[in-house]
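Quick look at start16.txt (compact mmCIF, C-alpha atoms):
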# COMPACT_ATOMS: atom_id res chain seq x y z
CA MET A 1 -0.83 23.74 32.65
CA ASN A 2 -1.61 21.35 29.87
CA GLU A 3 -4.11 22.91 27.49
CA LYS A 4 -5.96 19.66 27.22
CA GLU A 5 -6.35 19.44 30.98
CA GLU A 6 -8.44 22.49 31.75
CA ASN A 7 -11.17 20.22 32.99
CA MET A 8 -8.77 18.06 35.02
CA LYS A 9 -10.49 19.04 38.26
CA ASP A 10 -13.87 17.96 36.89
CA LEU A 11 -12.37 14.66 35.86
CA PHE A 12 -10.87 14.08 39.32
CA GLU A 13 -14.11 15.07 41.02
CA ARG A 14 -16.00 12.54 38.93
CA LEU A 15 -13.52 9.78 39.69
CA PHE A 16 -12.40 10.46 43.25
CA GLY A 17 -15.01 12.82 44.74
CA SER A 18 -14.68 16.53 45.43
CA GLU A 19 -12.73 16.14 48.67
CA GLN A 20 -9.78 14.32 47.14
CA ALA A 21 -9.96 15.99 43.75
CA GLU A 22 -8.21 19.22 44.69
CA GLU A 23 -5.42 17.45 46.56
CA ILE A 24 -4.74 15.06 43.67
CA GLU A 25 -4.75 17.89 41.17
CA GLN A 26 -2.22 19.82 43.25
CA ASP A 27 0.05 16.77 43.61
CA ILE A 28 0.04 16.20 39.89
CA ARG A 29 0.74 19.84 39.08
CA LYS A 30 3.62 20.01 41.55
CA GLY A 31 5.04 16.74 40.27
CA GLU A 32 4.96 17.94 36.68
CA GLN A 33 6.51 21.24 37.75
CA MET A 34 9.65 19.26 38.72
CA PHE A 35 10.07 18.20 35.11
CA ARG A 36 10.05 21.86 34.10
CA GLU A 37 12.61 22.70 36.73
CA TYR A 38 14.90 19.92 35.54
CA PRO A 39 14.62 20.01 31.78
CA ALA A 40 15.97 17.02 29.89
CA PRO A 41 18.90 17.66 27.56
CA GLN A 42 18.07 18.60 24.00
CA PRO A 43 19.27 16.56 21.03
CA ASP A 44 22.45 17.79 19.34
CA ARG A 45 22.10 19.85 16.19
CA GLU A 46 24.31 17.33 14.39
CA LEU A 47 21.96 14.54 15.38
CA ILE A 48 18.94 16.43 14.04
CA ALA A 49 20.79 17.25 10.83
CA ASP A 50 21.76 13.58 10.43
CA ILE A 51 18.19 12.45 10.95
CA LYS A 52 16.91 14.97 8.40
CA THR A 53 19.52 13.87 5.87
CA GLU A 54 18.61 10.23 6.42
CA ILE A 55 14.92 10.99 5.99
CA THR A 56 15.50 12.97 2.79
CA ALA A 57 17.51 10.05 1.37
CA SER A 58 14.84 7.60 2.48
CA LEU A 59 12.11 9.69 0.79
CA LEU A 60 14.13 9.82 -2.41
CA ARG A 61 14.55 6.04 -2.35
CA ARG A 62 10.83 5.60 -1.78
CA LYS A 63 9.97 7.93 -4.67
CA THR A 64 12.38 6.12 -6.99
CA ASN A 65 10.97 2.76 -5.97
CA ALA A 66 7.40 4.01 -6.39
CA PHE A 67 8.22 5.31 -9.89
CA ARG A 68 9.91 2.02 -10.79
CA ARG A 69 6.92 0.05 -9.52
CA THR A 70 4.55 2.22 -11.59
CA VAL A 71 6.65 1.72 -14.73
CA TYR A 72 6.76 -2.06 -14.17
CA LYS A 73 3.02 -2.16 -13.64
CA MET A 74 2.36 -0.14 -16.79
CA ALA A 75 4.68 -2.35 -18.80
CA ALA A 76 2.93 -5.46 -17.50
CA VAL A 77 -0.50 -4.02 -18.34
CA ALA A 78 0.67 -2.96 -21.83
CA ALA A 79 2.08 -6.43 -22.47
CA ALA A 80 -1.16 -8.03 -21.31
CA VAL A 81 -3.21 -5.74 -23.59
CA ILE A 82 -0.99 -6.56 -26.58
CA ILE A 83 -1.21 -10.31 -25.94
CA VAL A 84 -5.00 -10.22 -25.47
CA SER A 85 -5.42 -8.10 -28.62
CA ALA A 86 -3.25 -10.45 -30.66
CA ILE A 87 -5.15 -13.50 -29.45
CA SER A 88 -8.53 -11.80 -30.07
CA VAL A 89 -7.60 -10.85 -33.64
CA ARG A 90 -6.51 -14.42 -34.37
CA LEU A 91 -9.68 -15.85 -32.84
CA PHE A 92 -11.94 -13.52 -34.85
CA GLU A 93 -10.08 -14.28 -38.05
CA SER A 94 -10.43 -18.05 -37.74
CA ARG A 95 -13.84 -18.25 -36.06
CA PRO A 96 -16.34 -20.10 -38.39
CA SER A 97 -19.73 -18.50 -39.04
CA ALA A 98 -23.09 -20.17 -38.50
CA THR A 99 -23.07 -21.34 -42.14
CA GLY A 100 -19.76 -23.05 -41.63
CA ARG A 101 -17.74 -20.45 -43.53
CA ASP A 102 -15.10 -18.11 -42.16
CA GLU A 103 -16.33 -14.76 -40.88
CA LYS A 104 -13.94 -13.12 -43.28
CA GLY A 105 -15.37 -15.15 -46.18
CA ALA A 106 -18.89 -14.11 -45.26
CA SER A 107 -17.95 -10.48 -45.30
CA ALA A 108 -16.66 -10.80 -48.87
CA PRO A 109 -19.86 -11.46 -50.86
CA GLU A 110 -18.14 -10.99 -54.26
CA ARG A 111 -16.50 -14.38 -53.80
CA VAL A 112 -19.93 -15.99 -53.40
CA VAL A 113 -21.42 -14.14 -56.35
CA ALA A 114 -18.53 -15.04 -58.59
CA GLY A 115 -19.76 -18.60 -58.77
CA SER A 116 -18.57 -20.98 -61.38
CA ALA A 117 -21.79 -20.98 -63.44
CA ILE A 118 -21.04 -17.91 -65.58
CA PRO A 119 -17.47 -16.80 -66.10
CA GLU A 120 -16.44 -13.25 -65.40
CA SER A 121 -15.30 -12.78 -68.99
CA LEU A 122 -18.88 -13.32 -70.10
CA TRP A 123 -20.15 -10.52 -67.87
CA GLU A 124 -17.50 -8.18 -69.07
CA SER A 125 -17.79 -9.12 -72.71
CA GLU A 126 -19.60 -6.77 -75.10
CA ASP A 127 -19.97 -9.34 -77.90
CA LEU A 128 -23.67 -10.02 -77.32
CA SER A 129 -24.31 -12.41 -80.20
CA THR A 130 -21.48 -14.78 -79.24
CA ASP A 131 -22.37 -14.53 -75.61
CA ASP A 132 -26.03 -15.30 -76.37
CA THR A 133 -25.02 -18.39 -78.33
CA ASP A 134 -22.79 -19.57 -75.51
CA LEU A 135 -25.55 -18.98 -73.02
CA ALA A 136 -28.10 -20.79 -75.18
CA ILE A 137 -25.79 -23.83 -75.46
CA LEU A 138 -25.14 -23.74 -71.73
CA THR A 139 -28.82 -23.45 -70.91
CA ALA A 140 -29.69 -26.33 -73.24
CA GLU A 141 -27.03 -28.54 -71.68
CA ILE A 142 -28.21 -27.71 -68.17
CA GLU A 143 -31.84 -28.49 -69.14
CA GLN A 144 -30.74 -31.80 -70.62
CA ILE A 145 -28.88 -32.71 -67.45
CA GLU A 146 -31.90 -31.74 -65.38
CA ASP A 147 -34.09 -34.07 -67.46
CA GLU A 148 -31.60 -36.87 -67.11
CA ILE A 149 -31.39 -36.40 -63.36
CA LEU A 150 -35.16 -36.43 -63.12
CA ALA A 151 -35.39 -39.56 -65.26
CA SER A 152 -32.69 -41.19 -63.19
CA ARG A 153 -34.61 -40.44 -60.00
CA LEU A 154 -37.81 -41.85 -61.43
CA GLY A 155 -35.97 -44.96 -62.71
CA GLU A 156 -37.13 -44.43 -66.33
CA ASN A 157 -33.90 -45.49 -68.03
CA GLY A 158 -33.32 -49.03 -66.84
CA GLY A 159 -33.17 -48.55 -63.10
CA ASN A 160 -29.39 -48.46 -62.53
CA GLY A 161 -29.40 -45.08 -60.73
CA GLY A 162 -25.85 -45.25 -59.35
CA GLU A 163 -24.18 -45.67 -62.72
CA ASP A 164 -26.40 -43.04 -64.31
CA LEU A 165 -25.44 -40.51 -61.69
CA THR A 166 -21.75 -41.24 -62.20
CA GLU A 167 -22.17 -40.73 -65.92
CA LEU A 168 -23.99 -37.48 -65.33
CA GLU A 169 -21.27 -36.29 -63.07
CA ILE A 170 -18.64 -37.07 -65.70
CA GLU A 171 -20.74 -35.23 -68.22
CA LEU A 172 -21.08 -32.22 -65.96
CA ILE A 173 -17.36 -32.10 -65.36
CA ALA A 174 -16.77 -32.25 -69.11
CA ILE A 175 -19.25 -29.45 -69.75
CA ASN A 176 -17.76 -27.38 -67.04
CA SER A 177 -14.23 -27.74 -68.34
CA ASP A 178 -15.35 -27.07 -71.91
CA PHE A 179 -17.18 -24.01 -70.79
CA TRP A 180 -14.21 -22.61 -68.93
CA LYS A 181 -11.98 -23.31 -71.87
CA GLY A 182 -14.44 -21.18 -73.91
CA MET B 22 3.12 23.79 20.22
CA PRO B 23 1.94 24.32 16.63
CA ARG B 24 -1.60 25.41 15.88
CA ASN B 25 -3.92 22.63 14.78
CA ASP B 26 -4.17 24.09 11.26
CA ASP B 27 -0.40 24.29 10.92
CA LEU B 28 0.05 20.77 12.22
CA ALA B 29 -2.60 19.44 9.83
CA ARG B 30 -0.83 21.18 6.93
CA ILE B 31 2.54 19.75 7.96
CA ILE B 32 1.14 16.23 8.35
CA ALA B 33 -0.56 16.48 4.95
CA GLY B 34 2.81 17.50 3.47
CA CYS B 35 4.49 14.54 5.16
CA LYS B 36 1.91 12.20 3.71
CA GLU B 37 2.78 13.59 0.27
CA GLY B 38 6.39 12.68 0.96
CA ASP B 39 7.57 16.29 1.26
CA ALA B 40 11.00 16.41 2.95
CA GLU B 41 10.46 20.00 4.11
CA SER B 42 7.32 18.99 6.03
CA PHE B 43 9.19 16.18 7.74
CA SER B 44 11.88 18.66 8.64
CA GLU B 45 9.27 20.92 10.28
CA LEU B 46 7.79 17.99 12.15
CA ILE B 47 11.22 17.01 13.45
CA ASP B 48 11.85 20.56 14.62
CA ILE B 49 8.57 20.55 16.54
CA TYR B 50 8.81 17.16 18.22
CA ALA B 51 12.50 16.22 18.40
CA GLY B 52 13.03 17.92 21.78
CA ARG B 53 10.06 16.32 23.49
CA CYS B 54 10.71 12.88 22.04
CA TYR B 55 14.36 13.11 22.98
CA GLY B 56 13.40 14.11 26.52
CA TYR B 57 11.05 11.14 26.69
CA PHE B 58 13.79 8.69 25.62
CA TYR B 59 16.40 10.32 27.82
CA ARG B 60 14.25 10.25 30.95
CA LEU B 61 13.54 6.57 30.37
CA THR B 62 17.03 5.39 29.45
CA GLY B 63 19.20 7.98 31.20
CA ARG B 64 21.73 7.71 28.38
CA ARG B 65 22.27 10.20 25.60
CA GLU B 66 23.77 7.80 23.08
CA VAL B 67 20.81 5.45 23.43
CA SER B 68 18.39 8.39 23.18
CA ASP B 69 20.17 9.51 19.99
CA ASP B 70 19.63 6.10 18.42
CA LEU B 71 16.04 5.82 19.55
CA LEU B 72 15.19 9.30 18.28
CA GLY B 73 16.65 8.47 14.86
CA GLU B 74 14.73 5.22 14.81
CA LEU B 75 11.51 7.01 15.75
CA PHE B 76 11.70 9.50 12.89
CA VAL B 77 12.67 6.88 10.34
CA LYS B 78 9.65 4.88 11.47
CA LEU B 79 7.55 8.03 11.27
CA VAL B 80 8.40 8.33 7.56
CA GLU B 81 7.35 4.72 7.02
CA LYS B 82 4.13 4.94 9.01
CA ILE B 83 2.84 8.47 8.43
CA GLY B 84 0.41 7.14 5.83
CA THR B 85 -1.34 5.11 8.53
CA PHE B 86 -2.13 8.18 10.64
CA LYS B 87 -5.89 8.62 10.24
CA GLY B 88 -6.42 11.75 12.30
CA GLY B 89 -7.07 12.31 16.00
CA SER B 90 -4.30 13.30 18.37
CA PHE B 91 -0.97 13.28 16.55
CA GLU B 92 0.94 13.44 19.85
CA SER B 93 -0.77 10.27 21.08
CA TRP B 94 0.01 8.52 17.81
CA LEU B 95 3.64 9.66 17.81
CA PHE B 96 4.30 8.80 21.43
CA ARG B 97 2.63 5.42 21.08
CA MET B 98 5.21 4.73 18.39
CA ALA B 99 7.95 6.11 20.66
CA SER B 100 6.74 3.83 23.46
CA ASN B 101 6.87 0.79 21.14
CA ILE B 102 10.40 1.70 20.11
CA PHE B 103 11.43 2.02 23.75
CA HIS B 104 9.93 -1.39 24.56
CA ASP B 105 11.71 -2.94 21.58
CA TYR B 106 14.93 -1.46 22.94
CA LEU B 107 14.22 -2.95 26.38
CA ARG B 108 13.55 -6.37 24.86
CA GLY B 109 16.80 -6.14 22.91
CA LYS B 110 18.63 -5.20 26.08
CA GLN B 111 17.16 -8.17 27.92
CA ARG B 112 18.22 -10.48 25.10
CA GLN B 113 21.68 -8.99 25.28
CA ARG B 114 21.78 -9.61 29.01
CA LYS B 115 20.90 -13.25 28.51
CA LEU B 116 23.52 -13.60 25.83
CA PHE B 117 26.18 -12.14 28.04
CA GLU B 118 25.12 -13.93 31.22
CA ALA B 119 28.15 -16.15 31.02
CA LYS B 120 30.36 -13.09 31.07
CA LYS B 121 28.37 -11.37 33.78
CA GLU B 122 31.29 -10.05 35.70
CA GLN B 123 32.85 -8.41 32.69
CA LEU B 124 29.55 -6.87 31.70
CA GLU B 125 28.90 -5.49 35.16
CA LEU B 126 32.31 -3.93 35.09
CA LYS B 127 31.54 -2.31 31.75
CA LEU B 128 28.15 -1.05 32.98
CA ALA B 129 29.76 0.41 36.06
CA GLU B 130 32.28 2.21 33.88
CA ALA B 131 29.53 3.53 31.63
CA ASN B 132 27.48 4.72 34.59
CA GLU B 133 30.50 6.45 36.06
CA SER B 134 31.24 8.28 32.84
CA GLU B 135 27.65 9.55 32.59
CA ALA B 136 27.18 10.22 36.28
CA GLY B 137 28.26 13.81 35.92
CA ALA B 138 25.62 14.45 33.30
CA ILE B 139 22.73 12.83 35.17
CA ASP B 140 20.62 15.37 37.03
CA LYS B 141 18.84 14.86 40.34
CA LEU B 142 15.48 14.23 38.70
CA GLN B 143 16.97 11.48 36.55
CA MET B 144 18.45 9.79 39.59
CA GLN B 145 15.18 9.87 41.52
CA LEU B 146 13.20 8.73 38.50
CA GLY B 147 15.42 5.65 38.47
CA LYS B 148 14.07 4.75 41.90
CA LEU B 149 10.49 4.45 40.67
CA ASP B 150 9.21 1.20 39.24
CA ALA B 151 9.56 0.94 35.45
CA ASP B 152 5.84 1.16 34.66
CA THR B 153 5.21 4.26 36.80
CA ARG B 154 8.35 5.92 35.50
CA GLU B 155 7.27 5.34 31.92
CA LEU B 156 3.76 6.57 32.62
CA ILE B 157 4.71 9.89 34.19
CA VAL B 158 7.42 10.54 31.59
CA LEU B 159 4.91 9.78 28.84
CA ARG B 160 2.37 12.09 30.44
CA PHE B 161 4.81 15.00 30.67
CA TYR B 162 6.54 14.75 27.29
CA SER B 163 3.62 13.70 25.13
CA GLN B 164 1.35 16.30 26.78
CA ALA B 165 -1.47 13.90 26.02
CA SER B 166 -4.60 13.99 28.15
CA PHE B 167 -5.22 11.29 30.76
CA LYS B 168 -7.96 9.92 28.55
CA GLU B 169 -5.57 9.57 25.61
CA ILE B 170 -2.89 7.98 27.79
CA ALA B 171 -5.41 5.51 29.22
CA GLU B 172 -6.39 4.60 25.66
CA MET B 173 -2.75 4.21 24.65
CA ARG B 174 -2.15 1.86 27.54
CA SER B 175 -5.49 0.10 27.18
CA GLU B 176 -6.42 0.61 30.81
CA PRO B 177 -9.25 2.47 32.62
CA ILE B 178 -8.70 6.20 33.06
CA GLY B 179 -9.03 5.84 36.85
CA THR B 180 -6.09 3.42 36.91
CA THR B 181 -3.96 5.80 34.85
CA LEU B 182 -4.80 8.73 37.09
CA SER B 183 -4.05 6.81 40.27
CA LYS B 184 -0.70 5.60 38.95
CA VAL B 185 0.34 9.08 37.82
CA HIS B 186 -0.74 10.58 41.11
CA ARG B 187 1.07 8.01 43.25
CA GLY B 188 4.17 8.18 41.05
CA LEU B 189 4.46 11.95 41.07
CA LYS B 190 3.80 12.12 44.81
CA LYS B 191 6.57 9.61 45.47
CA LEU B 192 8.90 11.42 43.08
CA LYS B 193 8.28 14.67 44.89
CA GLU B 194 9.08 13.02 48.21
CA LEU B 195 12.30 11.59 46.80
CA MET B 196 13.31 14.96 45.42
CA GLU B 197 12.71 16.68 48.74
CA ARG B 198 14.93 14.28 50.71
Let me see the structure of the file written as structure tokens.
Amino acid sequence: MNEKEENMKDLFERLFGSEQAEEIEQDIRKGEQMFREYPAPQPDRELIADIKTEITASLLRRKTNAFRRTVYKMAAVAAAVIIVSAISVRLFESRPSATGRDEKGASAPERVVAGSAIPESLWESEDLSTDDTDLAILTAEIEQIEDEILASRLGENGGNGGEDLTELEIELIAINSDFWKG
Amino acid sequence: MPRNDDLARIIAGCKEGDAESFSELIDIYAGRCYGYFYRLTGRREVSDDLLGELFVKLVEKIGTFKGGSFESWLFRMASNIFHDYLRGKQRQRKLFEAKKEQLELKLAEANESEAGAIDKLQMQLGKLDADTRELIVLRFYSQASFKEIAEMRSEPIGTTLSKVHRGLKKLKELMER
């Protein structure tokens, strides 16, 4: 008897009524008994061995393919990461800051401090008297230029502001180059 | 029949791709599946091919088994393979229709050569209609419950029971003649 069919009689009773149930159950049991009396042939050992060999080979192929797929996926992901990193680095390097300067430039304040007003040699120099003289001359020249700019703005010196500014610019350039020459 | 725990362990091993687990599964079910194919086709060489096909498919599909009755799942696959075989055979018949006489001659020769091996039950089974034959063979070899078989065939359990009952009763009568 099929282990799963212990309640076969109950099932038949529910479906066909108690009168028929027993008869049907008996018919089915006798019918299935014939299959036991005439067993079907069994598969050859060679056949089973062949199937097992084929399955082992198939599993090996699947494992190899799975490994290959994993490696390809990893390589693709690694390549993507490298490309994205490279692009990101380039973007960050060339991205301008809010002040219009490069981010890299903003992070290097010494370049801003080292303005052209006072040369580095002056800071490093220990000859105070000479340096003071140079600074005094520089300060005087700057004050003079300031006065001239102010006068030019107010139109005190004849009213030709455009020419005056050009002259001042030439003067400033001359002072600047003289100063750098020392 | 393996214990449920053992079967669960073997199936888990198969899902991991363990060849030894597949080997165990083949040892458990090869006989019943072979019997199923043999009783439906009546030919050993065809049963050999179908059994091989079944287990190769089992390797491919074991990952889709989500629990429940393994026998039902396995024999549903076996049934699909048998139906594919039938469809192929019908196509072959159509292809060879022009050479019908030659084919019939070949079939007769094949039947003669296997006649000695065919038992009485096989001969009487051949007299039942295809659907009933398949149903009672499925019931015996899969050892699935009527409820499971009804689900496999997508029909009401009462219909399955009636067909099995009528089929087995007729088979018994044929055997007693």
Near chain B, which residues of chain A fall within 9 Å when you count only C-alpha atoms, and what do they look like as JSON, numbers by chain?
{"A": [2, 3, 4, 5, 8, 12, 15, 16, 24, 25, 27, 28, 29, 30, 31, 32, 34, 35, 38, 39, 40, 41, 42, 43, 44, 47, 48, 50, 51, 52, 54, 55, 56, 58, 59, 60, 62, 63]}
Okay, now the selection with C-alpha atoms, as an mmCIF file, in the coordinates of the input?
data_model
loop_
_atom_site.group_PDB
_atom_site.id
_atom_site.type_symbol
_atom_site.label_atom_id
_atom_site.label_comp_id
_atom_site.auth_asym_id
_atom_site.auth_seq_id
_atom_site.Cartn_x
_atom_site.Cartn_y
_atom_site.Cartn_z
ATOM 1 C CA ASN A 2 -1.610 21.350 29.870
ATOM 2 C CA GLU A 3 -4.110 22.910 27.490
ATOM 3 C CA LYS A 4 -5.960 19.660 27.220
ATOM 4 C CA GLU A 5 -6.350 19.440 30.980
ATOM 5 C CA MET A 8 -8.770 18.060 35.020
ATOM 6 C CA PHE A 12 -10.870 14.080 39.320
ATOM 7 C CA LEU A 15 -13.520 9.780 39.690
ATOM 8 C CA PHE A 16 -12.400 10.460 43.250
ATOM 9 C CA ILE A 24 -4.740 15.060 43.670
ATOM 10 C CA GLU A 25 -4.750 17.890 41.170
ATOM 11 C CA ASP A 27 0.050 16.770 43.610
ATOM 12 C CA ILE A 28 0.040 16.200 39.890
ATOM 13 C CA ARG A 29 0.740 19.840 39.080
ATOM 14 C CA LYS A 30 3.620 20.010 41.550
ATOM 15 C CA GLY A 31 5.040 16.740 40.270
ATOM 16 C CA GLU A 32 4.960 17.940 36.680
ATOM 17 C CA MET A 34 9.650 19.260 38.720
ATOM 18 C CA PHE A 35 10.070 18.200 35.110
ATOM 19 C CA TYR A 38 14.900 19.920 35.540
ATOM 20 C CA PRO A 39 14.620 20.010 31.780
ATOM 21 C CA ALA A 40 15.970 17.020 29.890
ATOM 22 C CA PRO A 41 18.900 17.660 27.560
ATOM 23 C CA GLN A 42 18.070 18.600 24.000
ATOM 24 C CA PRO A 43 19.270 16.560 21.030
ATOM 25 C CA ASP A 44 22.450 17.790 19.340
ATOM 26 C CA LEU A 47 21.960 14.540 15.380
ATOM 27 C CA ILE A 48 18.940 16.430 14.040
ATOM 28 C CA ASP A 50 21.760 13.580 10.430
ATOM 29 C CA ILE A 51 18.190 12.450 10.950
ATOM 30 C CA LYS A 52 16.910 14.970 8.400
ATOM 31 C CA GLU A 54 18.610 10.230 6.420
ATOM 32 C CA ILE A 55 14.920 10.990 5.990
ATOM 33 C CA THR A 56 15.500 12.970 2.790
ATOM 34 C CA SER A 58 14.840 7.600 2.480
ATOM 35 C CA LEU A 59 12.110 9.690 0.790
ATOM 36 C CA LEU A 60 14.130 9.820 -2.410
ATOM 37 C CA ARG A 62 10.830 5.600 -1.780
ATOM 38 C CA LYS A 63 9.970 7.930 -4.670
#
One number please: atom CA of B:Asp27 to atom CA of B:Ile170, in Å, one decimal.
23.6 Å
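Here atom CA of B:Leu46 is placed at a distance of 6.9 Å from atom CA of B:Ile31.
Our summary of the geometry notes that atom CA of B:His104 is positioned 20.8 Å from atom CA of B:Thr180.
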As a compact mmCIF listing (two decimals) with C-alpha atoms, in the coordinates of the input, please: the residues near A:Glu146 (cut-off 12 Å, all atoms listed in the file, same-chain neighbours under 5 positions excluded).
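The resulting file, result.txt, is shown below:
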# COMPACT_ATOMS: atom_id res chain seq x y z
CA THR A 139 -28.82 -23.45 -70.91
CA ALA A 140 -29.69 -26.33 -73.24
CA GLU A 141 -27.03 -28.54 -71.68
CA ALA A 151 -35.39 -39.56 -65.26
CA SER A 152 -32.69 -41.19 -63.19
CA ARG A 153 -34.61 -40.44 -60.00
CA LEU A 165 -25.44 -40.51 -61.69
CA LEU A 168 -23.99 -37.48 -65.33
CA GLU A 169 -21.27 -36.29 -63.07
CA LEU A 172 -21.08 -32.22 -65.96
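Of the listed residues B:Cys35, B:Ile49, B:Leu195, B:Met98, the one whose atoms come nearest to B:Leu146 is B:Leu195, with distances taken using only C-alpha atoms.
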Would you compute, for all listed atoms of stretch 22-41 of chain A, the axis-aligned bounding box grown by 8 Å on each side, and then report its centre and edge lengths in Å rounded to one decimal, as AutoDock Vina command-line options?
--center_x 5.3 --center_y 18.9 --center_z 37.1 --size_x 43.1 --size_y 23.6 --size_z 35.0
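For the point (-4.8, 7.8, 24.6) in file coordinates, the residues within 12 Å, using only C-alpha atoms, are B:Gly89, B:Ser90, B:Phe91, B:Glu92, B:Ser93, B:Trp94, B:Leu95, B:Phe96, B:Arg97, B:Leu156, B:Leu159, B:Arg160, B:Ser163, B:Gln164, B:Ala165, B:Ser166, B:Phe167, B:Lys168, B:Glu169, B:Ile170, B:Ala171, B:Glu172, B:Met173, B:Arg174, B:Ser175, B:Glu176, B:Pro177, B:Ile178, B:Thr181.
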